[in-house]
$ cat run29.tsv   # TSV, C-alpha atoms
chain	number	residue	atom	x	y	z
Q	20	GLY	CA	0.00	0.00	0.00
Q	21	GLU	CA	1.00	3.60	-0.37
Q	22	LEU	CA	1.49	3.91	3.43
Q	23	GLY	CA	3.76	0.87	3.56
Q	24	ASP	CA	3.41	-2.83	4.14
Q	25	GLU	CA	2.99	-2.64	7.92
Q	26	LYS	CA	0.08	-0.17	7.69
Q	27	MET	CA	-1.47	-2.27	4.94
Q	28	LYS	CA	-1.22	-5.46	7.05
Q	29	SER	CA	-2.58	-3.68	10.12
Q	30	ALA	CA	-5.57	-2.29	8.20
Q	31	ALA	CA	-6.23	-5.69	6.60
Q	32	LYS	CA	-6.18	-7.41	10.00
Q	33	SER	CA	-8.55	-4.82	11.49
Q	34	TRP	CA	-10.94	-5.19	8.57
Q	35	SER	CA	-10.82	-8.97	8.59
Q	36	VAL	CA	-11.24	-9.33	12.38
Q	37	TRP	CA	-14.19	-6.89	12.29
Q	38	GLU	CA	-15.86	-8.98	9.57
Q	39	GLY	CA	-15.20	-12.21	11.45
Q	40	SER	CA	-16.71	-10.65	14.58
Q	41	THR	CA	-19.91	-9.41	12.94
Q	42	SER	CA	-20.82	-12.13	10.45
Q	43	ARG	CA	-22.46	-14.53	12.91
Q	44	LEU	CA	-25.37	-14.04	15.25
Q	45	ILE	CA	-23.35	-15.57	18.09
Q	46	PRO	CA	-19.73	-14.70	17.41
Q	47	PRO	CA	-17.00	-17.27	17.96
Q	48	THR	CA	-14.53	-16.77	20.79
Q	49	LYS	CA	-11.94	-14.01	20.46
Q	50	GLU	CA	-9.22	-16.66	20.18
Q	51	SER	CA	-11.08	-18.40	17.36
Q	52	ILE	CA	-11.61	-15.14	15.47
Q	53	LEU	CA	-7.98	-14.11	15.85
Q	54	SER	CA	-6.62	-17.51	14.85
Q	55	LYS	CA	-8.48	-17.42	11.53
Q	56	TRP	CA	-9.13	-13.81	10.64
Q	57	ALA	CA	-5.97	-12.07	11.95
Q	58	GLY	CA	-3.31	-14.06	10.09
Q	59	ASP	CA	-1.28	-11.97	7.63
Q	60	GLU	CA	-2.01	-14.09	4.57
Q	61	PHE	CA	-5.71	-14.63	5.23
Q	62	SER	CA	-6.50	-11.08	6.33
Q	63	LEU	CA	-4.70	-9.48	3.40
Q	64	ALA	CA	-6.41	-11.74	0.84
Q	65	PHE	CA	-9.81	-11.28	2.50
Q	66	ALA	CA	-9.49	-7.49	2.75
Q	67	ARG	CA	-8.39	-7.22	-0.89
Q	68	ILE	CA	-11.35	-9.27	-2.13
Q	69	GLU	CA	-13.88	-7.38	-0.02
Q	70	ASN	CA	-12.52	-3.95	-0.87
Q	71	HIS	CA	-12.42	-4.83	-4.55
Q	72	TYR	CA	-16.09	-5.81	-4.29
Q	73	PHE	CA	-17.14	-2.79	-2.21
Q	74	THR	CA	-15.42	-0.24	-4.42
Q	75	GLY	CA	-16.81	-1.48	-7.71
Q	76	GLY	CA	-13.65	-3.28	-8.84
Q	77	MET	CA	-14.69	-4.88	-12.10
Q	78	GLY	CA	-17.97	-4.21	-13.85
Q	79	MET	CA	-19.86	-6.89	-15.75
Q	80	SER	CA	-17.97	-5.99	-18.89
Q	81	GLY	CA	-14.70	-6.90	-17.18
Q	82	SER	CA	-13.32	-3.39	-17.40
Q	83	ASN	CA	-12.39	-1.28	-14.40
Q	84	ASP	CA	-15.38	0.70	-13.22
Q	85	SER	CA	-14.18	4.07	-12.02
Q	86	ARG	CA	-17.67	5.08	-10.87
Q	87	GLY	CA	-17.18	3.13	-7.65
Q	88	ILE	CA	-20.48	1.23	-7.78
Q	89	PRO	CA	-20.17	-1.60	-5.27
Q	90	GLY	CA	-20.84	-5.21	-6.15
Q	91	PHE	CA	-20.74	-7.39	-9.19
Q	92	PHE	CA	-23.37	-5.59	-11.23
Q	93	PRO	CA	-22.94	-2.53	-13.45
Q	94	ARG	CA	-25.28	-0.29	-11.39
Q	95	GLU	CA	-27.31	-0.17	-8.21
Q	96	GLY	CA	-30.58	-2.09	-8.56
Q	97	TRP	CA	-29.52	-3.73	-11.84
Q	98	LEU	CA	-30.69	-7.23	-10.85
Q	99	LEU	CA	-34.16	-5.91	-9.95
Q	100	GLU	CA	-34.71	-4.29	-13.37
Q	101	ASP	CA	-37.42	-5.91	-15.52
Q	102	GLU	CA	-34.96	-6.74	-18.31
Q	103	GLN	CA	-32.71	-8.69	-15.93
Q	104	LEU	CA	-35.59	-10.34	-14.08
Q	105	ALA	CA	-37.00	-11.64	-17.37
Q	106	LYS	CA	-33.73	-13.55	-17.89
Q	107	ILE	CA	-33.93	-15.35	-14.55
Q	108	SER	CA	-37.65	-15.57	-13.81
Q	109	ASP	CA	-37.75	-19.29	-14.75
Q	110	VAL	CA	-34.67	-20.21	-12.71
Q	111	PRO	CA	-35.63	-22.07	-9.52
Q	112	THR	CA	-34.61	-19.70	-6.74
Q	113	VAL	CA	-34.30	-20.15	-2.99
Q	114	ILE	CA	-33.18	-17.11	-1.00
Q	115	VAL	CA	-31.81	-17.70	2.50
Q	116	GLN	CA	-31.46	-14.54	4.58
Q	117	GLY	CA	-30.21	-14.16	8.14
Q	118	ARG	CA	-32.64	-12.06	10.19
Q	119	TYR	CA	-29.74	-10.49	12.09
Q	120	ASP	CA	-27.40	-10.12	9.13
Q	121	VAL	CA	-25.56	-6.81	9.53
Q	122	VAL	CA	-23.61	-7.32	6.29
Q	123	CYS	CA	-26.46	-7.74	3.78
Q	124	PRO	CA	-29.75	-6.06	4.72
Q	125	ALA	CA	-32.84	-8.29	4.79
Q	126	MET	CA	-34.59	-5.74	2.56
Q	127	SER	CA	-32.38	-6.87	-0.35
Q	128	ALA	CA	-33.64	-10.45	-0.01
Q	129	HIS	CA	-37.23	-9.24	0.35
Q	130	ASP	CA	-36.94	-7.01	-2.74
Q	131	LEU	CA	-35.58	-9.86	-4.86
Q	132	HIS	CA	-38.21	-12.28	-3.58
Q	133	SER	CA	-41.02	-9.83	-4.32
Q	134	LYS	CA	-39.78	-9.47	-7.91
Q	135	LEU	CA	-39.43	-13.26	-8.39
Q	136	PRO	CA	-42.86	-14.58	-7.41
Q	137	ASN	CA	-41.82	-18.22	-7.86
Q	138	SER	CA	-38.88	-17.85	-5.50
Q	139	ILE	CA	-38.81	-19.19	-1.97
Q	140	LEU	CA	-37.59	-16.89	0.81
Q	141	HIS	CA	-36.36	-18.25	4.13
Q	142	VAL	CA	-35.53	-15.73	6.86
Q	143	VAL	CA	-33.64	-17.60	9.55
Q	144	THR	CA	-32.47	-16.64	13.03
Q	145	THR	CA	-28.83	-16.09	12.11
Q	146	GLY	CA	-26.38	-13.45	11.04
Q	147	HIS	CA	-24.58	-13.36	7.68
Q	148	SER	CA	-22.37	-16.44	7.76
Q	149	SER	CA	-23.23	-19.40	5.57
Q	150	PHE	CA	-21.65	-21.56	8.27
Q	151	GLU	CA	-24.43	-20.98	10.79
Q	152	PRO	CA	-26.53	-24.14	11.33
Q	153	ASP	CA	-29.91	-22.69	10.23
Q	154	ILE	CA	-28.43	-21.33	7.01
Q	155	ILE	CA	-26.65	-24.61	6.30
Q	156	GLU	CA	-29.93	-26.49	6.82
Q	157	LYS	CA	-31.86	-24.26	4.40
Q	158	LEU	CA	-29.09	-24.38	1.77
Q	159	VAL	CA	-28.96	-28.19	1.97
Q	160	ASP	CA	-32.77	-28.32	1.75
Q	161	ALA	CA	-32.63	-26.10	-1.36
Q	162	THR	CA	-29.97	-28.32	-2.92
Q	163	ASP	CA	-32.08	-31.39	-2.19
Q	164	LEU	CA	-35.14	-29.66	-3.66
Q	165	PHE	CA	-33.27	-28.87	-6.87
Q	166	GLY	CA	-32.02	-32.46	-7.02
Q	167	GLY	CA	-35.53	-33.85	-6.62
Q	168	LYS	CA	-34.86	-35.16	-3.13
Q	169	THR	CA	-37.29	-34.33	-0.33
Q	170	LYS	CA	-37.23	-35.03	3.38
Q	171	SER	CA	-40.23	-37.35	3.02
Q	172	SER	CA	-38.47	-39.38	0.30
Q	173	GLU	CA	-35.61	-40.12	2.71
Q	174	GLU	CA	-37.84	-41.75	5.32

$ encode --input "run29.tsv" --output "structure tokens"
Amino acid sequence: GELGDEKMKSAAKSWSVWEGSTSRLIPPTKESILSKWAGDEFSLAFARIENHYFTGGMGMSGSNDSRGIPGFFPREGWLLEDEQLAKISDVPTVIVQGRYDVVCPAMSAHDLHSKLPNSILHVVTTGHSSFEPDIIEKLVDATDLFGGKTKSSEE
């Protein structure tokens, strides 16, 4: 970074530890967070990926987007536009949203679900992490649903 490697590593660790501390409804122990999220290699890679995403990094065209629009899409609200929705309206969609997710607001999941009437929305008592048990359960259920497997067919 322009302020030197030590400042860059320190900022990356702070960012990464903050994310690791806020992504679950019930955060892991401090020791657990620090052992994963504070390591030089992990925190630097994680901070680079997240900041690239949050600052608009690469637009859909693959070119640098100097407008600073966050995310993977070319503009805010792009996925909710009628033209885009028409392309995905027949795709089976299950949305799993943590009720206490402080990273991605529940309103985003609600907005997408309301625009995709055939989608299924699950709001679970979790935070953001896909490693929380309720999210894992709903994601596995969705995978089973798409594969034609149901809970009743297992019994």

$ closest_residue --input "run29.tsv" --among "Q:Ser40, Q:Ser35, Q:Thr74, Q:Thr144" --to "Glu60 in chain Q" --atoms "only C-alpha atoms"
Q:Ser35

$ atom_distance --input "run29.tsv" --atom1 "CA of Asp160 in chain Q" --atom2 "CA of Pro136 in chain Q"
19.4 Å

$ closest_residue --input "run29.tsv" --among "Q:Met126, Q:Leu135, Q:Val142, Q:Ile68" --to "Ile154 in chain Q" --atoms "all atoms listed in the file"
Q:Val142

$ closest_residue --input "run29.tsv" --among "Q:Ser54, Q:Lys106, Q:Leu44, Q:Glu100" --to "Asp120 in chain Q" --atoms "only C-alpha atoms"
Q:Leu44

$ residues_around --input "run29.tsv" --residues "Cys123 in chain Q" --least-positions-apart "3" --cutoff "12 Å" --atoms "all atoms listed in the file" --output "list of chain:residue names"
Q:Thr41, Q:Ser42, Q:Gly90, Q:Val115, Q:Gln116, Q:Gly117, Q:Arg118, Q:Tyr119, Q:Asp120, Q:Met126, Q:Ser127, Q:Ala128, Q:His129, Q:Gly146, Q:His147, Q:Ser148

$ atom_distance --input "run29.tsv" --atom1 "CA of Trp34 in chain Q" --atom2 "CA of Lys49 in chain Q"
14.8 Å

$ atom_distance --input "run29.tsv" --atom1 "CA of Ile114 in chain Q" --atom2 "CA of Glu95 in chain Q"
19.3 Å

$ axis_aligned_box --input "run29.tsv" --around "range 110-128 of chain Q" --padding-each-side "3 Å" --output "JSON"
{"center_x": -29.6, "center_y": -13.9, "center_z": -0.3, "size_x": 18.0, "size_y": 22.3, "size_z": 30.8}

$ closest_residue --input "run29.tsv" --among "Q:Thr162, Q:Phe150, Q:Phe73, Q:Leu22" --to "Pro47 in chain Q" --atoms "all atoms listed in the file"
Q:Phe150

$ closest_residue --input "run29.tsv" --among "Q:Val122, Q:Leu158, Q:Val36, Q:Ala105" --to "His141 in chain Q" --atoms "all atoms listed in the file"
Q:Leu158
